[in-house]
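What follows is the content of upload23.csv, which has CSV, C-alpha atoms:
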chain,number,residue,atom,x,y,z
A,235,MET,CA,30.5,-22.2,158.8
A,236,ASN,CA,29.5,-21.2,162.4
A,237,PRO,CA,29.3,-17.6,163.3
A,238,PRO,CA,31.8,-16.3,166.0
A,239,THR,CA,31.1,-17.3,169.6
A,240,VAL,CA,31.0,-15.0,172.6
A,241,LEU,CA,31.8,-16.4,176.1
A,242,LEU,CA,29.5,-14.9,178.7
A,243,GLU,CA,31.9,-14.7,181.6
A,244,ARG,CA,30.9,-14.9,185.3
A,245,SER,CA,31.2,-11.1,186.1
A,246,PHE,CA,29.0,-10.4,183.1
A,247,VAL,CA,26.3,-13.0,184.1
A,248,ALA,CA,26.4,-11.6,187.7
A,249,ALA,CA,25.7,-8.1,186.4
A,250,LEU,CA,23.1,-9.3,184.0
A,251,ALA,CA,21.2,-11.3,186.7
A,252,ASP,CA,21.3,-8.6,189.4
A,253,PRO,CA,19.3,-5.4,188.7
A,254,ASP,CA,21.0,-3.7,191.6
A,255,ASP,CA,24.5,-4.3,190.2
A,256,PRO,CA,26.0,-1.0,188.9
A,257,ASP,CA,27.0,-2.8,185.6
A,258,HIS,CA,23.5,-4.2,185.1
A,259,PRO,CA,22.3,-1.5,182.5
A,260,SER,CA,25.4,-2.0,180.4
A,261,ALA,CA,25.2,-5.8,180.7
A,262,ALA,CA,21.5,-5.7,179.7
A,263,ARG,CA,22.1,-3.5,176.7
A,264,CYS,CA,25.0,-5.7,175.5
A,265,TYR,CA,23.1,-8.9,176.1
A,266,LEU,CA,20.0,-7.6,174.2
A,267,ASP,CA,22.4,-6.8,171.3
A,268,LEU,CA,24.1,-10.2,171.5
A,269,VAL,CA,20.7,-12.0,171.6
A,270,ALA,CA,19.6,-10.0,168.5
A,271,GLN,CA,22.9,-11.0,166.7
A,272,PHE,CA,22.2,-14.6,167.8
A,273,GLY,CA,18.7,-14.4,166.3
A,274,ARG,CA,20.2,-13.2,163.0
A,275,ASP,CA,22.8,-16.1,163.1
A,276,GLU,CA,25.7,-13.6,163.4
A,277,ARG,CA,26.9,-14.8,166.8
A,278,LEU,CA,26.7,-17.9,169.0
A,279,LEU,CA,26.6,-17.5,172.8
A,280,THR,CA,28.1,-19.8,175.3
A,281,VAL,CA,28.5,-20.0,179.1
A,282,THR,CA,30.7,-22.4,181.0
A,283,SER,CA,29.2,-25.2,183.1
A,284,ASP,CA,30.9,-23.6,186.1
A,285,THR,CA,29.1,-20.3,185.6
A,286,ARG,CA,25.8,-22.0,185.1
A,287,ARG,CA,26.4,-24.0,188.3
A,288,ALA,CA,27.4,-20.9,190.2
A,289,PHE,CA,24.1,-19.1,189.5
A,290,GLY,CA,21.8,-22.2,189.3
A,291,ALA,CA,18.3,-22.1,188.1
A,292,ALA,CA,18.1,-18.4,188.7
A,293,VAL,CA,19.7,-17.8,185.2
A,294,ASP,CA,18.3,-20.7,183.2
A,295,ASP,CA,15.6,-18.7,181.4
A,296,LEU,CA,17.8,-15.6,181.1
A,297,LEU,CA,20.7,-17.7,179.5
A,298,ALA,CA,18.4,-19.8,177.3
A,299,PRO,CA,20.1,-18.7,174.0
A,300,ALA,CA,23.5,-19.7,175.3
A,301,ASP,CA,25.0,-23.2,174.9
A,302,THR,CA,26.7,-24.7,177.9
A,303,LEU,CA,30.5,-25.2,177.4
A,304,HIS,CA,31.3,-28.2,179.6
A,305,VAL,CA,34.7,-27.9,181.1
A,306,ALA,CA,36.9,-31.0,180.6
A,307,ARG,CA,39.4,-32.2,183.1
A,308,GLN,CA,42.3,-31.6,180.7
A,309,GLU,CA,41.2,-27.9,180.4
A,310,ARG,CA,41.2,-27.5,184.2
A,311,HIS,CA,44.7,-29.1,184.3
A,312,ALA,CA,45.9,-26.7,181.6
A,313,ALA,CA,44.5,-23.8,183.5
A,314,GLU,CA,46.6,-24.8,186.5
A,315,HIS,CA,49.7,-24.0,184.5
A,316,VAL,CA,48.7,-20.6,183.3
A,317,ARG,CA,50.6,-17.8,185.1
A,318,LEU,CA,48.8,-14.6,185.9
A,319,ASP,CA,50.5,-11.7,187.5
A,320,GLY,CA,48.6,-9.8,190.2
A,321,ALA,CA,45.8,-12.4,190.4
A,322,VAL,CA,43.8,-12.4,193.7
A,323,ASP,CA,41.6,-15.0,195.3
A,324,GLY,CA,39.7,-17.4,193.0
A,325,ALA,CA,39.6,-14.8,190.2
A,326,ALA,CA,42.9,-16.3,188.9
A,327,ASP,CA,41.2,-19.7,188.5
A,328,ASP,CA,38.3,-18.3,186.5
A,329,LEU,CA,40.5,-16.1,184.3
A,330,ALA,CA,43.1,-18.9,183.6
A,331,LEU,CA,40.4,-21.5,182.8
A,332,ASN,CA,38.5,-19.1,180.6
A,333,LEU,CA,41.7,-18.2,178.7
A,334,VAL,CA,42.3,-21.9,178.1
A,335,LEU,CA,38.7,-22.3,176.9
A,336,LEU,CA,38.9,-19.3,174.6
A,337,ARG,CA,42.0,-20.7,172.9
A,338,ARG,CA,40.9,-24.3,172.7
A,339,HIS,CA,37.4,-23.6,171.4
A,340,ARG,CA,38.5,-20.8,169.2
A,341,ILE,CA,36.3,-18.3,170.9
A,342,ALA,CA,37.2,-14.8,169.8
A,343,ALA,CA,35.0,-12.7,172.2
A,344,VAL,CA,34.2,-12.5,175.8
A,345,ALA,CA,31.4,-10.6,177.5
A,346,THR,CA,32.9,-9.5,180.8
A,347,PHE,CA,33.4,-6.7,183.3
A,348,ASP,CA,36.8,-8.1,184.3
A,349,GLU,CA,39.3,-5.6,182.8
A,350,ARG,CA,42.1,-8.1,182.8
A,351,TYR,CA,40.7,-9.6,179.6
A,352,GLY,CA,41.8,-6.4,177.8
A,353,ALA,CA,45.4,-7.6,178.0
A,354,PHE,CA,44.7,-10.6,175.8
A,355,GLU,CA,44.0,-11.0,172.1
A,356,VAL,CA,40.2,-11.3,172.5
A,357,GLU,CA,37.3,-9.0,171.7
A,358,VAL,CA,36.0,-7.7,175.0
A,359,LEU,CA,32.3,-6.8,175.3
A,360,PRO,CA,30.6,-4.6,176.2
A,361,ALA,CA,33.0,-2.2,174.5
A,362,ARG,CA,34.4,0.4,176.9
A,363,SER,CA,34.0,4.0,175.9
A,364,ALA,CA,37.3,5.9,175.8

Can you give me the file's structure in the form of structure tokens?
Amino acid sequence: MNPPTVLLERSFVAALADPDDPDHPSAARCYLDLVAQFGRDERLLTVTSDTRRAFGAAVDDLLAPADTLHVARQERHAAEHVRLDGAVDGAADDLALNLVLLRRHRIAAVATFDERYGAFEVEVLPARSA
């Protein structure tokens, strides 16, 4: 049986890749922990083809442990039918598509700084301190 998978969401990858991002220290700590878990076969890591494309070669080495989840046309179509209250700009598209991917690929965790994921039944990393 495969270990549980973590989706590395766009906001997380952005913070991880940019040392000047205010969330970079938290992203780096979380990612080091995830890579260690990956090394012990406790977690699998994945990133969408859209996120890889958005950052290009700049993140190839950084995201080497993560498999690429290629987004299918039917998943994009399903995301068009997801209703999200209060969504702004293109963020709704990413969130809706990722929610479809999480469900279809049985991914139980997402590494993100987008607080909207907290409203769904998914483990959100890095864990927020109360």

I want to know what sits within 9 Å of stretch 328-332 of chain A, based on only C-alpha atoms, with residues of the same chain fewer than 2 positions away left out; could you give that as an mmCIF file with C-alpha atoms, keeping the file's coordinate frame?
data_model
loop_
_atom_site.group_PDB
_atom_site.id
_atom_site.type_symbol
_atom_site.label_atom_id
_atom_site.label_comp_id
_atom_site.auth_asym_id
_atom_site.auth_seq_id
_atom_site.Cartn_x
_atom_site.Cartn_y
_atom_site.Cartn_z
ATOM 1 C CA LEU A 241 31.800 -16.400 176.100
ATOM 2 C CA GLU A 243 31.900 -14.700 181.600
ATOM 3 C CA ARG A 244 30.900 -14.900 185.300
ATOM 4 C CA THR A 282 30.700 -22.400 181.000
ATOM 5 C CA VAL A 305 34.700 -27.900 181.100
ATOM 6 C CA GLU A 309 41.200 -27.900 180.400
ATOM 7 C CA ARG A 310 41.200 -27.500 184.200
ATOM 8 C CA HIS A 311 44.700 -29.100 184.300
ATOM 9 C CA ALA A 312 45.900 -26.700 181.600
ATOM 10 C CA ALA A 313 44.500 -23.800 183.500
ATOM 11 C CA GLU A 314 46.600 -24.800 186.500
ATOM 12 C CA HIS A 315 49.700 -24.000 184.500
ATOM 13 C CA VAL A 316 48.700 -20.600 183.300
ATOM 14 C CA ARG A 317 50.600 -17.800 185.100
ATOM 15 C CA LEU A 318 48.800 -14.600 185.900
ATOM 16 C CA ALA A 321 45.800 -12.400 190.400
ATOM 17 C CA GLY A 324 39.700 -17.400 193.000
ATOM 18 C CA ALA A 325 39.600 -14.800 190.200
ATOM 19 C CA ALA A 326 42.900 -16.300 188.900
ATOM 20 C CA VAL A 334 42.300 -21.900 178.100
ATOM 21 C CA LEU A 335 38.700 -22.300 176.900
ATOM 22 C CA LEU A 336 38.900 -19.300 174.600
ATOM 23 C CA ARG A 337 42.000 -20.700 172.900
ATOM 24 C CA ASP A 348 36.800 -8.100 184.300
ATOM 25 C CA ARG A 350 42.100 -8.100 182.800
ATOM 26 C CA TYR A 351 40.700 -9.600 179.600
#

*Using atom CA of A:Asp295 and atom CA of A:Leu266 as the two end points, give the distance in Å to one decimal.*
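Those two atoms sit 13.9 Å apart.
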
*Pick from A:Leu278, A:Ala262, A:Val293, A:Ala270: nearest to A:Met235, with only C-alpha atoms counted?*
A:Leu278

*Report the distance between atom CA of A:Pro256 and atom CA of A:Pro238 in Å, rounded to one decimal place.*
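For atom CA of A:Pro256 relative to atom CA of A:Pro238, the distance reads 28.1 Å.
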
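Atom pair atom CA of A:Asn236 / atom CA of A:Ala249: separated by 27.6 Å.
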
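Distances here use all atoms listed in the file; by that measure, the residue among A:Ala292, A:Val240, A:Thr285, A:Arg362 closest to A:Asp267 is A:Val240.
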
*Between A:Gln271, A:Phe347, A:Leu333, A:Ala288, which is the closest to A:Asp255 once you count all atoms listed in the file?*
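Smallest distance to A:Asp255 is found for A:Phe347.
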
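Proximity ranking of A:His304, A:Asp294, A:Pro360, A:Ile341 relative to A:Leu268 places A:Pro360 first, based on all atoms listed in the file.
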
Since the input is missing atoms for stretch 244-263 of chain A, could you rebuild it with N, CA and C atoms and give the result as a CSV table (one decimal), in the coordinates of the input?
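So result34.csv came out as:
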chain,number,residue,atom,x,y,z
A,244,ARG,N,31.6,-15.0,184.0
A,244,ARG,CA,30.9,-14.9,185.3
A,244,ARG,C,30.5,-13.5,185.7
A,245,SER,N,31.5,-12.5,185.6
A,245,SER,CA,31.2,-11.1,186.1
A,245,SER,C,30.1,-10.5,185.2
A,246,PHE,N,30.0,-10.9,183.9
A,246,PHE,CA,29.0,-10.4,183.1
A,246,PHE,C,27.6,-11.0,183.5
A,247,VAL,N,27.6,-12.3,183.7
A,247,VAL,CA,26.3,-13.0,184.1
A,247,VAL,C,25.9,-12.4,185.4
A,248,ALA,N,26.8,-12.2,186.3
A,248,ALA,CA,26.4,-11.6,187.7
A,248,ALA,C,25.7,-10.3,187.5
A,249,ALA,N,26.3,-9.4,186.7
A,249,ALA,CA,25.7,-8.1,186.4
A,249,ALA,C,24.4,-8.2,185.7
A,250,LEU,N,24.3,-9.1,184.8
A,250,LEU,CA,23.1,-9.3,184.0
A,250,LEU,C,21.9,-9.8,184.9
A,251,ALA,N,22.2,-10.7,185.8
A,251,ALA,CA,21.2,-11.3,186.7
A,251,ALA,C,20.8,-10.4,187.9
A,252,ASP,N,21.6,-9.4,188.2
A,252,ASP,CA,21.3,-8.6,189.4
A,252,ASP,C,20.9,-7.2,189.0
A,253,PRO,N,19.7,-6.8,189.1
A,253,PRO,CA,19.3,-5.4,188.7
A,253,PRO,C,19.9,-4.4,189.5
A,254,ASP,N,20.4,-4.7,190.7
A,254,ASP,CA,21.0,-3.7,191.6
A,254,ASP,C,22.5,-3.6,191.3
A,255,ASP,N,23.1,-4.4,190.5
A,255,ASP,CA,24.5,-4.3,190.2
A,255,ASP,C,24.7,-3.0,189.3
A,256,PRO,N,25.8,-2.3,189.7
A,256,PRO,CA,26.0,-1.0,188.9
A,256,PRO,C,26.3,-1.3,187.4
A,257,ASP,N,26.7,-2.5,187.0
A,257,ASP,CA,27.0,-2.8,185.6
A,257,ASP,C,25.8,-3.4,184.9
A,258,HIS,N,24.7,-3.5,185.7
A,258,HIS,CA,23.5,-4.2,185.1
A,258,HIS,C,23.0,-3.5,183.8
A,259,PRO,N,22.8,-2.1,183.8
A,259,PRO,CA,22.3,-1.5,182.5
A,259,PRO,C,23.2,-1.8,181.3
A,260,SER,N,24.5,-1.7,181.5
A,260,SER,CA,25.4,-2.0,180.4
A,260,SER,C,25.4,-3.5,180.0
A,261,ALA,N,25.3,-4.4,181.0
A,261,ALA,CA,25.2,-5.8,180.7
A,261,ALA,C,23.9,-6.1,179.9
A,262,ALA,N,22.8,-5.5,180.4
A,262,ALA,CA,21.5,-5.7,179.7
A,262,ALA,C,21.5,-5.2,178.3
A,263,ARG,N,22.0,-4.0,178.0
A,263,ARG,CA,22.1,-3.5,176.7
A,263,ARG,C,22.9,-4.4,175.8
